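Undergrad: The structure file upload-v6.cif (mmCIF, C-alpha atoms and all ligand atoms) is provided below.
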data_query
#
loop_
_atom_site.label_atom_id
_atom_site.label_comp_id
_atom_site.auth_asym_id
_atom_site.auth_seq_id
_atom_site.Cartn_x
_atom_site.Cartn_y
_atom_site.Cartn_z
CA MET A 905 165.85 79.65 0.60
CA ASP A 906 162.73 77.85 -0.62
CA LYS A 907 159.82 80.06 -1.59
CA LYS A 908 157.16 80.41 1.10
CA VAL A 909 153.49 81.13 0.61
CA ARG A 910 152.81 84.69 1.86
CA LEU A 911 149.54 84.44 3.76
CA GLY A 912 146.93 86.98 4.83
CA ILE A 913 144.66 86.01 7.73
CA ILE A 914 141.13 87.45 7.53
CA GLY A 915 139.28 87.01 10.82
CA CYS A 916 141.46 86.62 13.92
CA GLY A 917 138.97 84.97 16.31
CA GLY A 918 138.54 81.50 17.76
CA ILE A 919 139.36 79.25 14.83
CA ALA A 920 142.27 81.47 13.76
CA ASN A 921 143.84 81.26 17.22
CA ASN A 922 143.03 77.62 17.91
CA LYS A 923 143.66 76.03 14.52
CA HIS A 924 145.07 78.06 11.67
CA MET A 925 147.66 80.42 13.10
CA PRO A 926 149.42 77.76 15.22
CA ALA A 927 149.36 75.37 12.22
CA GLU A 928 150.76 77.99 9.85
CA LYS A 929 153.48 78.80 12.36
CA ARG A 930 154.51 75.14 12.26
CA ASN A 931 154.31 75.00 8.45
CA PRO A 932 157.78 75.68 7.00
CA ALA A 933 156.22 76.55 3.63
CA SER A 934 154.18 79.55 4.77
CA GLU A 935 154.54 82.86 6.55
CA MET A 936 151.79 85.12 7.94
CA VAL A 937 152.44 88.58 6.52
CA ALA A 938 149.09 90.33 7.13
CA PHE A 939 146.21 90.12 9.59
CA CYS A 940 142.74 91.60 9.29
CA ASP A 941 139.90 91.77 11.78
CA ILE A 942 137.08 94.30 12.16
CA ILE A 943 138.14 94.32 15.82
CA GLU A 944 141.61 95.80 15.40
CA GLU A 945 143.09 94.56 18.68
CA ARG A 946 142.53 90.97 17.56
CA ALA A 947 144.58 91.58 14.42
CA LEU A 948 147.26 93.40 16.44
CA LYS A 949 147.47 90.53 18.93
CA ALA A 950 147.77 88.04 16.04
CA ARG A 951 150.60 90.09 14.51
CA GLU A 952 152.36 90.10 17.86
CA GLU A 953 152.15 86.33 18.24
CA TYR A 954 152.43 85.05 14.70
CA GLY A 955 153.45 87.75 12.24
CA THR A 956 156.64 88.36 10.28
CA PRO A 957 158.60 91.48 11.39
CA ASP A 958 157.23 93.58 8.49
CA CYS A 959 153.68 92.29 8.63
CA ALA A 960 150.66 94.53 8.21
CA VAL A 961 147.38 94.91 10.10
CA TYR A 962 144.03 95.87 8.57
CA THR A 963 140.43 96.31 9.66
CA ASP A 964 139.12 96.21 6.07
CA TYR A 965 139.91 93.02 4.16
CA ARG A 966 139.71 94.90 0.83
CA GLU A 967 142.84 96.84 1.82
CA LEU A 968 144.66 93.60 2.60
CA LEU A 969 143.70 92.21 -0.81
CA LYS A 970 145.42 95.16 -2.51
CA ASP A 971 148.82 93.90 -1.34
CA LYS A 972 150.18 92.19 -4.45
CA SER A 973 152.85 90.34 -2.47
CA ILE A 974 150.21 88.24 -0.68
CA ASP A 975 149.75 84.85 -2.38
CA ALA A 976 146.86 83.41 -0.40
CA VAL A 977 144.34 84.23 2.31
CA LEU A 978 142.58 82.24 4.98
CA VAL A 979 138.94 83.34 5.38
CA LEU A 980 138.13 82.75 9.06
CA THR A 981 135.14 85.03 9.61
CA PRO A 982 131.56 84.14 10.57
CA ASN A 983 129.61 82.33 7.85
CA ASN A 984 127.86 85.39 6.42
CA ALA A 985 131.22 86.79 5.28
CA HIS A 986 132.63 83.62 3.68
CA CYS A 987 131.20 84.17 0.21
CA HIS A 988 131.89 87.81 -0.50
CA ILE A 989 135.38 87.80 1.02
CA THR A 990 136.31 84.60 -0.83
CA VAL A 991 134.99 85.91 -4.15
CA ASP A 992 136.83 89.22 -3.72
CA ALA A 993 140.04 87.41 -2.74
CA LEU A 994 139.94 85.07 -5.74
CA ASP A 995 139.20 88.02 -8.03
CA ALA A 996 142.21 89.79 -6.50
CA GLY A 997 144.35 86.82 -7.56
CA LYS A 998 144.73 85.14 -4.15
CA HIS A 999 144.40 81.44 -3.40
CA VAL A 1000 141.83 80.84 -0.65
CA LEU A 1001 141.30 78.44 2.21
CA CYS A 1002 137.86 79.30 3.58
CA GLU A 1003 136.50 77.90 6.83
CA LYS A 1004 133.52 75.56 6.92
CA PRO A 1005 130.70 75.69 6.09
CA MET A 1006 131.66 76.88 2.62
CA ALA A 1007 128.71 79.29 2.52
CA MET A 1008 125.32 80.13 4.03
CA ASN A 1009 123.50 78.60 1.04
CA TYR A 1010 124.06 76.95 -2.33
CA ALA A 1011 123.69 80.17 -4.36
CA GLU A 1012 126.66 81.61 -2.46
CA ALA A 1013 128.66 78.41 -2.88
CA LYS A 1014 128.11 78.57 -6.65
CA LYS A 1015 129.37 82.17 -6.72
CA MET A 1016 132.53 80.97 -4.98
CA LEU A 1017 133.02 78.16 -7.50
CA GLU A 1018 132.52 80.60 -10.37
CA ALA A 1019 135.12 82.96 -8.89
CA ARG A 1020 137.56 80.06 -8.53
CA ASP A 1021 137.06 79.06 -12.16
CA ARG A 1022 137.30 82.67 -13.37
CA SER A 1023 140.50 83.31 -11.44
CA GLY A 1024 142.23 79.96 -11.95
CA LYS A 1025 143.24 80.13 -8.28
CA ILE A 1026 142.96 77.41 -5.64
CA LEU A 1027 139.93 77.24 -3.35
CA THR A 1028 139.63 74.74 -0.50
CA ILE A 1029 137.43 74.49 2.60
CA GLY A 1030 138.44 73.86 6.25
CA TYR A 1031 137.09 70.34 6.75
CA GLN A 1032 140.07 69.25 8.86
CA ASN A 1033 138.29 66.14 10.16
CA ARG A 1034 139.06 64.42 6.87
CA PHE A 1035 142.72 64.50 7.90
CA ARG A 1036 142.19 62.59 11.16
CA PRO A 1037 143.85 59.15 11.23
CA ASP A 1038 140.49 57.35 11.52
CA ALA A 1039 139.06 59.29 8.57
CA LEU A 1040 142.18 58.82 6.43
CA TYR A 1041 142.14 55.09 7.00
CA MET A 1042 138.39 54.72 6.50
CA LYS A 1043 138.72 56.59 3.22
CA ARG A 1044 141.48 54.30 2.04
CA LEU A 1045 139.37 51.25 2.88
CA ALA A 1046 136.40 52.81 1.07
CA ASP A 1047 138.48 53.57 -2.02
CA GLU A 1048 139.81 50.01 -2.06
CA GLY A 1049 136.22 48.71 -2.19
CA THR A 1050 136.29 47.14 1.30
CA PHE A 1051 132.70 48.15 2.02
CA GLY A 1052 131.22 47.30 -1.38
CA ASP A 1053 128.13 49.24 -2.35
CA VAL A 1054 127.45 51.74 0.48
CA TYR A 1055 123.68 52.20 0.69
CA TYR A 1056 123.14 53.44 4.27
CA ALA A 1057 125.07 55.99 6.31
CA GLU A 1058 124.68 58.07 9.43
CA ALA A 1059 126.22 61.53 9.73
CA ILE A 1060 126.46 62.22 13.45
CA ALA A 1061 126.99 65.58 15.18
CA ILE A 1062 125.30 65.39 18.55
CA ARG A 1063 126.26 67.39 21.62
CA ARG A 1064 124.39 67.06 24.91
CA ARG A 1065 124.94 70.67 26.03
CA ALA A 1066 127.67 72.47 24.09
CA VAL A 1067 126.14 75.50 22.44
CA PRO A 1068 128.92 77.85 21.22
CA THR A 1069 128.23 81.07 23.12
CA TRP A 1070 131.04 83.24 21.71
CA GLY A 1071 130.91 85.19 18.45
CA VAL A 1072 127.67 84.97 16.45
CA PHE A 1073 127.13 81.19 16.28
CA ILE A 1074 123.58 81.28 17.71
CA ASP A 1075 122.50 84.11 15.39
CA LYS A 1076 120.62 82.58 12.46
CA GLU A 1077 121.01 85.68 10.27
CA LYS A 1078 124.81 85.76 10.57
CA GLN A 1079 125.48 82.01 10.45
CA GLY A 1080 122.67 80.75 8.23
CA GLY A 1081 121.51 78.31 10.92
CA GLY A 1082 122.57 76.46 14.06
CA PRO A 1083 124.09 73.01 14.69
CA LEU A 1084 123.13 71.71 11.26
CA ILE A 1085 125.26 74.24 9.41
CA ASP A 1086 127.88 74.43 12.17
CA ILE A 1087 128.68 70.82 13.11
CA GLY A 1088 126.28 68.79 10.96
CA THR A 1089 128.39 70.13 8.10
CA HIS A 1090 131.49 68.22 9.30
CA ALA A 1091 129.60 64.95 9.76
CA LEU A 1092 127.90 65.22 6.37
CA ASP A 1093 131.19 66.12 4.69
CA LEU A 1094 132.85 63.00 6.14
CA THR A 1095 129.88 60.86 5.11
CA LEU A 1096 129.73 62.00 1.48
CA PHE A 1097 133.50 61.66 1.22
CA MET A 1098 133.46 58.06 2.49
CA MET A 1099 130.53 57.17 0.21
CA ASN A 1100 132.16 59.07 -2.66
CA ASN A 1101 128.64 60.09 -3.55
CA TYR A 1102 127.86 63.72 -4.38
CA GLU A 1103 124.52 63.35 -6.14
CA PRO A 1104 121.57 64.04 -3.82
CA ALA A 1105 118.04 63.43 -5.16
CA TYR A 1106 115.83 64.70 -2.32
CA CYS A 1107 115.69 65.13 1.44
CA VAL A 1108 113.33 65.59 4.34
CA GLY A 1109 114.36 67.76 7.28
CA LYS A 1110 113.11 68.87 10.68
CA THR A 1111 114.64 71.51 12.92
CA PHE A 1112 113.82 72.18 16.59
CA HIS A 1113 113.90 75.17 18.92
CA LYS A 1114 113.14 73.15 22.02
CA LEU A 1115 115.87 74.04 24.50
CA ASN A 1116 117.05 77.45 23.36
CA ALA A 1117 114.62 79.38 25.60
CA GLN A 1118 115.89 77.60 28.72
CA ARG A 1119 118.00 79.57 31.20
CA GLU A 1120 119.69 77.09 33.56
CA THR A 1121 121.40 75.22 30.81
CA GLY A 1122 124.39 73.28 32.13
CA ASN A 1123 126.08 74.35 28.91
CA ALA A 1124 129.79 73.60 28.45
CA TRP A 1125 130.52 77.24 27.54
CA GLY A 1126 128.14 78.82 30.06
CA ASP A 1127 124.49 79.83 29.71
CA TRP A 1128 123.54 81.19 26.32
CA ASP A 1129 121.76 84.49 25.74
CA VAL A 1130 118.15 83.44 25.19
CA GLU A 1131 117.34 86.64 23.27
CA LYS A 1132 120.17 86.06 20.78
CA PHE A 1133 119.58 82.34 20.21
CA THR A 1134 117.62 82.52 16.95
CA ALA A 1135 119.16 79.45 15.28
CA GLU A 1136 117.74 75.95 15.80
CA ASP A 1137 119.09 73.85 18.68
CA SER A 1138 118.67 70.52 16.84
CA ALA A 1139 118.16 69.46 13.24
CA PHE A 1140 117.66 66.08 11.62
CA GLY A 1141 117.57 65.15 7.99
CA PHE A 1142 117.02 62.13 5.80
CA VAL A 1143 118.75 62.37 2.44
CA VAL A 1144 118.11 60.11 -0.55
CA MET A 1145 120.87 60.04 -3.13
CA LYS A 1146 120.32 59.57 -6.87
CA ASN A 1147 121.67 56.00 -6.73
CA GLY A 1148 119.17 55.13 -3.98
CA ALA A 1149 121.60 55.28 -1.05
CA VAL A 1150 120.30 57.05 2.07
CA ILE A 1151 121.90 59.19 4.78
CA TYR A 1152 120.43 59.93 8.20
CA LEU A 1153 121.94 63.22 9.42
CA LYS A 1154 121.62 64.04 13.12
CA SER A 1155 122.85 67.33 14.56
CA SER A 1156 122.38 69.10 17.84
CA TRP A 1157 124.13 71.53 20.15
CA ALA A 1158 121.82 70.58 23.02
CA LEU A 1159 119.91 67.31 23.21
CA ASN A 1160 118.89 65.11 26.11
CA MET A 1161 121.02 62.25 24.87
CA ALA A 1162 123.46 60.69 27.32
CA ASP A 1163 126.02 59.57 24.76
CA PRO A 1164 126.91 62.49 22.49
CA LYS A 1165 129.18 62.01 19.47
CA GLU A 1166 130.41 64.58 17.01
CA ALA A 1167 132.10 64.83 13.61
CA ILE A 1168 131.76 61.14 12.86
CA THR A 1169 130.16 58.92 10.27
CA THR A 1170 128.87 55.38 10.10
CA ILE A 1171 128.73 53.69 6.70
CA CYS A 1172 127.17 50.38 5.75
CA GLY A 1173 127.89 48.61 2.48
CA ASP A 1174 126.99 45.19 1.14
CA LYS A 1175 130.48 43.81 1.92
CA ALA A 1176 131.30 45.52 5.23
CA GLY A 1177 130.57 48.55 7.37
CA ALA A 1178 132.56 50.97 9.50
CA ASP A 1179 131.97 53.49 12.23
CA MET A 1180 133.98 55.93 14.31
CA LEU A 1181 132.27 55.10 17.60
CA ASP A 1182 135.33 53.73 19.41
CA GLY A 1183 138.28 54.68 17.30
CA LEU A 1184 137.63 53.10 13.93
CA ARG A 1185 135.66 49.83 13.81
CA VAL A 1186 135.19 47.80 10.67
CA ASN A 1187 132.51 45.11 10.81
CA THR A 1188 132.07 42.26 8.38
CA VAL A 1189 131.69 38.50 8.17
CA MET A 1190 134.78 36.26 7.87
CA ALA A 1191 134.65 32.47 7.59
CA GLY A 1192 130.98 32.51 8.51
CA LYS A 1193 131.40 34.55 11.69
CA GLN A 1194 130.67 38.19 12.43
CA VAL A 1195 133.95 40.00 13.11
CA MET A 1196 134.95 43.44 14.24
CA ILE A 1197 138.34 44.79 13.12
CA LYS A 1198 139.92 47.67 15.02
CA PRO A 1199 142.83 49.13 13.02
CA ASP A 1200 145.79 50.39 15.04
CA LEU A 1201 145.63 54.07 14.16
CA ASN A 1202 148.81 54.88 16.06
CA GLY A 1203 150.89 52.73 13.79
CA GLY A 1204 151.79 55.36 11.23
CA SER A 1205 148.45 55.15 9.47
CA VAL A 1206 148.77 58.56 7.89
CA ALA A 1207 152.01 57.71 6.11
CA PHE A 1208 150.16 56.80 2.93
CA PHE A 1209 148.66 60.26 2.63
CA GLU A 1210 150.43 61.88 -0.31
CA GLY A 1211 149.50 65.52 0.33
CA ALA A 1212 152.05 65.90 3.09
CA GLY A 1213 154.09 64.05 5.67
CA GLY A 1214 152.46 62.98 8.98
CA GLY A 1215 151.13 65.37 11.56
CA ASN A 1216 147.88 66.38 13.11
CA PRO A 1217 144.78 67.23 11.05
CA GLU A 1218 145.30 70.98 11.04
CA ASP A 1219 148.93 70.61 10.02
CA LEU A 1220 147.96 68.29 7.18
CA GLU A 1221 145.26 70.73 6.11
CA SER A 1222 147.76 73.59 6.11
CA THR A 1223 150.56 71.75 4.31
CA THR A 1224 148.17 70.33 1.72
CA PHE A 1225 147.10 73.88 0.87
CA THR A 1226 150.64 75.25 0.60
CA ASN A 1227 151.79 72.16 -1.32
CA ALA A 1228 148.99 72.75 -3.84
CA ILE A 1229 150.04 76.40 -4.24
CA LEU A 1230 153.79 75.86 -4.46
CA HIS A 1231 154.05 72.49 -6.17
CA GLY A 1232 150.68 71.85 -7.83
CA GLY A 1233 149.89 69.15 -5.23
CA LYS A 1234 146.41 67.67 -5.12
CA LEU A 1235 143.78 69.18 -2.84
CA TYR A 1236 142.21 66.76 -0.39
CA VAL A 1237 139.07 68.88 0.14
CA THR A 1238 137.66 70.27 -3.08
CA ALA A 1239 135.29 73.23 -3.14
CA ASP A 1240 132.99 71.27 -5.45
CA GLN A 1241 132.51 68.63 -2.76
CA ALA A 1242 131.97 71.28 -0.07
CA ALA A 1243 129.36 72.98 -2.26
CA VAL A 1244 127.33 69.76 -2.30
CA VAL A 1245 127.47 69.64 1.51
CA THR A 1246 126.10 73.20 1.59
CA ARG A 1247 123.45 72.28 -0.96
CA ILE A 1248 122.16 69.37 1.14
CA LEU A 1249 122.13 71.43 4.35
CA GLU A 1250 120.10 74.07 2.55
CA GLY A 1251 117.71 71.34 1.34
CA ILE A 1252 117.12 70.21 4.93
CA TYR A 1253 116.35 73.78 6.03
CA LYS A 1254 114.05 74.25 3.03
CA SER A 1255 112.19 71.04 3.83
CA GLU A 1256 111.59 72.35 7.36
CA GLU A 1257 110.32 75.67 5.97
CA THR A 1258 107.86 74.08 3.55
CA GLY A 1259 106.94 70.98 5.51
CA LYS A 1260 107.64 68.96 2.36
CA PRO A 1261 110.50 66.94 0.89
CA TYR A 1262 113.05 69.08 -0.95
CA TYR A 1263 114.04 67.94 -4.45
CA PHE A 1264 117.51 68.96 -5.62
CA ASP A 1265 116.72 69.46 -9.27
N1 LIG B 1301 136.82 73.80 11.19
C1 LIG B 1301 136.25 73.82 12.39
O1 LIG B 1301 136.15 72.79 13.07
C2 LIG B 1301 135.71 75.11 12.92
C3 LIG B 1301 135.59 75.32 14.31
C4 LIG B 1301 135.11 76.55 14.75
C5 LIG B 1301 134.74 77.53 13.85
N2 LIG B 1301 134.83 77.28 12.49
C6 LIG B 1301 134.39 78.29 11.51
O2 LIG B 1301 135.26 79.41 11.55
C7 LIG B 1301 134.52 80.60 11.31
C8 LIG B 1301 134.82 81.58 12.44
O3 LIG B 1301 134.48 80.99 13.68
P1 LIG B 1301 135.19 81.47 15.04
O4 LIG B 1301 134.87 80.48 16.08
O5 LIG B 1301 136.61 81.81 14.77
O6 LIG B 1301 134.37 82.81 15.31
P2 LIG B 1301 134.87 84.09 16.10
O7 LIG B 1301 133.69 84.94 16.29
O8 LIG B 1301 135.66 83.65 17.29
O9 LIG B 1301 135.91 84.78 15.08
C9 LIG B 1301 135.52 85.39 13.89
C10 LIG B 1301 136.35 86.66 13.75
O10 LIG B 1301 136.07 87.24 12.48
C11 LIG B 1301 136.03 88.66 12.66
N3 LIG B 1301 135.28 89.24 11.54
C12 LIG B 1301 133.94 89.27 11.35
N4 LIG B 1301 133.64 89.84 10.17
C13 LIG B 1301 134.83 90.18 9.60
C14 LIG B 1301 135.18 90.82 8.37
N5 LIG B 1301 134.26 91.21 7.51
N6 LIG B 1301 136.49 91.02 8.12
C15 LIG B 1301 137.45 90.64 9.00
N7 LIG B 1301 137.17 90.02 10.18
C16 LIG B 1301 135.88 89.81 10.47
C17 LIG B 1301 135.38 88.84 14.02
O11 LIG B 1301 135.63 90.12 14.56
C18 LIG B 1301 136.04 87.71 14.80
O12 LIG B 1301 137.24 88.12 15.42
C19 LIG B 1301 133.05 80.19 11.21
O13 LIG B 1301 132.68 80.13 9.87
C20 LIG B 1301 133.01 78.80 11.82
O14 LIG B 1301 132.01 77.97 11.25
C21 LIG B 1301 135.34 76.11 12.03
#
Please render this file's structure as structure tokens.
Ligand SMILES: NC(=O)c1ccc[n+]([C@@H]2O[C@H](COP(=O)([O-])OP(=O)(O)OC[C@H]3O[C@@H](n4cnc5c(N)ncnc54)[C@H](O)[C@@H]3O)[C@@H](O)[C@H]2O)c1

TA:
Amino acid sequence: MDKKVRLGIIGCGGIANNKHMPAEKRNPASEMVAFCDIIEERALKAREEYGTPDCAVYTDYRELLKDKSIDAVLVLTPNNAHCHITVDALDAGKHVLCEKPMAMNYAEAKKMLEARDRSGKILTIGYQNRFRPDALYMKRLADEGTFGDVYYAEAIAIRRRAVPTWGVFIDKEKQGGGPLIDIGTHALDLTLFMMNNYEPAYCVGKTFHKLNAQRETGNAWGDWDVEKFTAEDSAFGFVVMKNGAVIYLKSSWALNMADPKEAITTICGDKAGADMLDGLRVNTVMAGKQVMIKPDLNGGSVAFFEGAGGGNPEDLESTTFTNAILHGGKLYVTADQAAVVTRILEGIYKSEETGKPYYFD
């Protein structure tokens, strides 16, 4: 029988149950052999639903890391535990897939990169939106030079009223921030990836706490706890890259905007542009006329992706990780790229704190 990656799951909450554990169950190259959560019943429930017959349950991740038979761990805890658990796991010789955002700030992200380099193990981050058919195809067009020189982009993560009320999302101390670090991170990741530009020069940012004291909220997940909502409810940033390109980053969990859109990017180059506003739309000029091209994303558009065969984004994320571990396959989301996302988000928060532009070096 082919070797399988023996996985430990650290954090058995929402994203574990909704993304990772179902995807790993479908992945023939992995098996979930250990579960850890500080709330033991969550780990026990995960074992029941997804574990191998001999699998173990822990409430302290350091105990899980002592198991030499575990090849890799998924770090699926709140943001304030990403860095130290990832560093400890890499130092214990495990490969790591850590959820987004990589870290609460750039100093933490650098510690994670150092641990990866020290250990020689694989580190990737859970930006599954890159594996969506629209994103895969936009990236291929970008890499083929379809857009030319991309000098303007919008990273869009706007919800009208969808503040996550479970876990610790609205707690600034535990998450490092609100919608900017939670969903702005996906939109910015997609944007940098499409631009293939990871060199920020400076940014200006503003964050708002305008709606988080309201009590009749109309929120998708029910009213939030006003006392606990210490993170911003909206954040906007303007980022200037070293080559002069600019990015307008918009993020909100609650904004009086009738047409919310999330985890998408718009890029504009000197040859063509593209957005994800209605599927994928490519706009350019052909034979002297403005044209809009709408690729058929149901026509096997992911087949060109080398990391794994078709499938949904979370399956591609999972199989790309196990393929990298077992066969030396290429990662699609590198930790170095994710660290730049974290660095820019931190710059936007710092600009808000100081009331001045933030310069990256
Ligand atoms: N990729 C995505 O689109 C996406 C979507 C949602 C959440 N996330 C990310 O996933 C992470 C978790 O979010 P969630 O929605 O699952 O939150 P959650 O609160 O539902 O789950 C987190 C779990 O981690 C456990 N935990 C906390 N500290 C721990 C520790 N030290 N050791 C072991 N377990 C610990 C908690 O008890 C909880 O069960 C966050 O970083 C979030 O940003 C990513």

Undergrad: Throw together the list of residues within 6 Å of ligand LIG 1301 (chain B), counting all atoms listed in the file, and drop it here as a ChimeraX atom specification.

TA: /A:914-920,940-943,965,980-983,985,1003-1005,1030-1031,1071,1086

Undergrad: Up to 12 Å from (155.3, 78.9, 11.3) in the file's coordinates: name the residues, counting all atoms listed in the file, as a list of chain:residue names.

TA: A:Lys908, A:Val909, A:Arg910, A:Leu911, A:His924, A:Met925, A:Pro926, A:Ala927, A:Glu928, A:Lys929, A:Arg930, A:Asn931, A:Pro932, A:Ala933, A:Ser934, A:Glu935, A:Met936, A:Val937, A:Glu953, A:Tyr954, A:Gly955, A:Thr956, A:Asp1219, A:Ser1222, A:Thr1223

Undergrad: Between atom CA of Val977 of chain A and atom CA of Ala993 of chain A, what is the distance, to one decimal in Å?

TA: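 The value is 7.4 Å.
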
Undergrad: Rank nothing, just name the residue among A:Met1190, A:Met1008, A:Ala950, A:Val1245 nearest to Gly1080 of chain A, using all atoms listed in the file.

TA: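 For Gly1080 of chain A, the nearest of the candidates is A:Met1008.
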
Undergrad: In Å to one decimal, how far is atom CA of Val1195 of chain A from atom CA of Phe1051 of chain A?

TA: 13.8 Å

Undergrad: When you draw a straight line from atom CA of Arg1063 of chain A to atom CA of Gly1215 of chain A, how long is it in Å?

TA: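 Computed distance, atom CA of Arg1063 of chain A to atom CA of Gly1215 of chain A, equals 26.9 Å.
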
Undergrad: Please list as a PyMOL selection string every residue within 9 Å of Ala1124 of chain A, counting only C-alpha atoms and excluding residues in the same chain fewer than 2 positions away.

TA: chain A and resi 1065-1068+1121-1122+1126-1127

Undergrad: Compare A:Arg1034, A:Gln1118, A:Cys1172, A:Ser973 by their minimum atom-to-atom distance to Arg1185 of chain A, counting only C-alpha atoms, and give me the closest one.

TA: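 Once distances to Arg1185 of chain A are computed over only C-alpha atoms, the minimum belongs to A:Cys1172.
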
Undergrad: Using only C-alpha atoms, which protein or nucleic acid residues come within 8 Å of Ala960 of chain A? Drop anything in the same chain fewer than 4 positions from it, and give the result as number ranges by chain.

TA: A: 937-939, 951

Undergrad: Using only C-alpha atoms, which of the listed residues (A:Asn1101, A:Asn1187, A:Ser1155, A:Asn922) sits closest to Ile1085 of chain A?

TA: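 Using only C-alpha atoms, Ile1085 of chain A sits closest to A:Ser1155.
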
Undergrad: Taking only C-alpha atoms into account, name the residue in A:Leu1153, A:Val1143, A:Ile1248, A:Ala1228 that is nearest to Gly1088 of chain A.

TA: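 Comparing A:Leu1153, A:Val1143, A:Ile1248, A:Ala1228 against Gly1088 of chain A, the winner is A:Leu1153.
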
Undergrad: Which residues, written as an NGL selection string, have at least one atom at most 9 Å from Gly1251 of chain A, with all atoms listed in the file counted and residues fewer than 5 positions away on the same chain left out?

TA: :A and (1106-1109 or 1246 or 1256 or 1261-1264)

Undergrad: Using all atoms listed in the file, pick whichever of A:Val1072, A:Leu948, A:Ala1007, A:Leu1084 has the shortest atom-to-atom distance to Ala1158 of chain A.

TA: A:Leu1084

Undergrad: What lies within 10 Å of Tyr1055 of chain A using all atoms listed in the file, ignoring chain neighbours under 6 positions off, as JSON, numbers by chain?

TA: {"A": [1099, 1144, 1145, 1147, 1148, 1149, 1150, 1151, 1171, 1172, 1173, 1174]}

Undergrad: Any chance you can output those residues with C-alpha atoms as a PDB file, in the frame of the given file?

TA:
ATOM      1  CA  MET A1099     130.530  57.170   0.210  1.00  0.00           C
ATOM      2  CA  VAL A1144     118.110  60.110  -0.550  1.00  0.00           C
ATOM      3  CA  MET A1145     120.870  60.040  -3.130  1.00  0.00           C
ATOM      4  CA  ASN A1147     121.670  56.000  -6.730  1.00  0.00           C
ATOM      5  CA  GLY A1148     119.170  55.130  -3.980  1.00  0.00           C
ATOM      6  CA  ALA A1149     121.600  55.280  -1.050  1.00  0.00           C
ATOM      7  CA  VAL A1150     120.300  57.050   2.070  1.00  0.00           C
ATOM      8  CA  ILE A1151     121.900  59.190   4.780  1.00  0.00           C
ATOM      9  CA  ILE A1171     128.730  53.690   6.700  1.00  0.00           C
ATOM     10  CA  CYS A1172     127.170  50.380   5.750  1.00  0.00           C
ATOM     11  CA  GLY A1173     127.890  48.610   2.480  1.00  0.00           C
ATOM     12  CA  ASP A1174     126.990  45.190   1.140  1.00  0.00           C
TER      13      ASP A1174
END
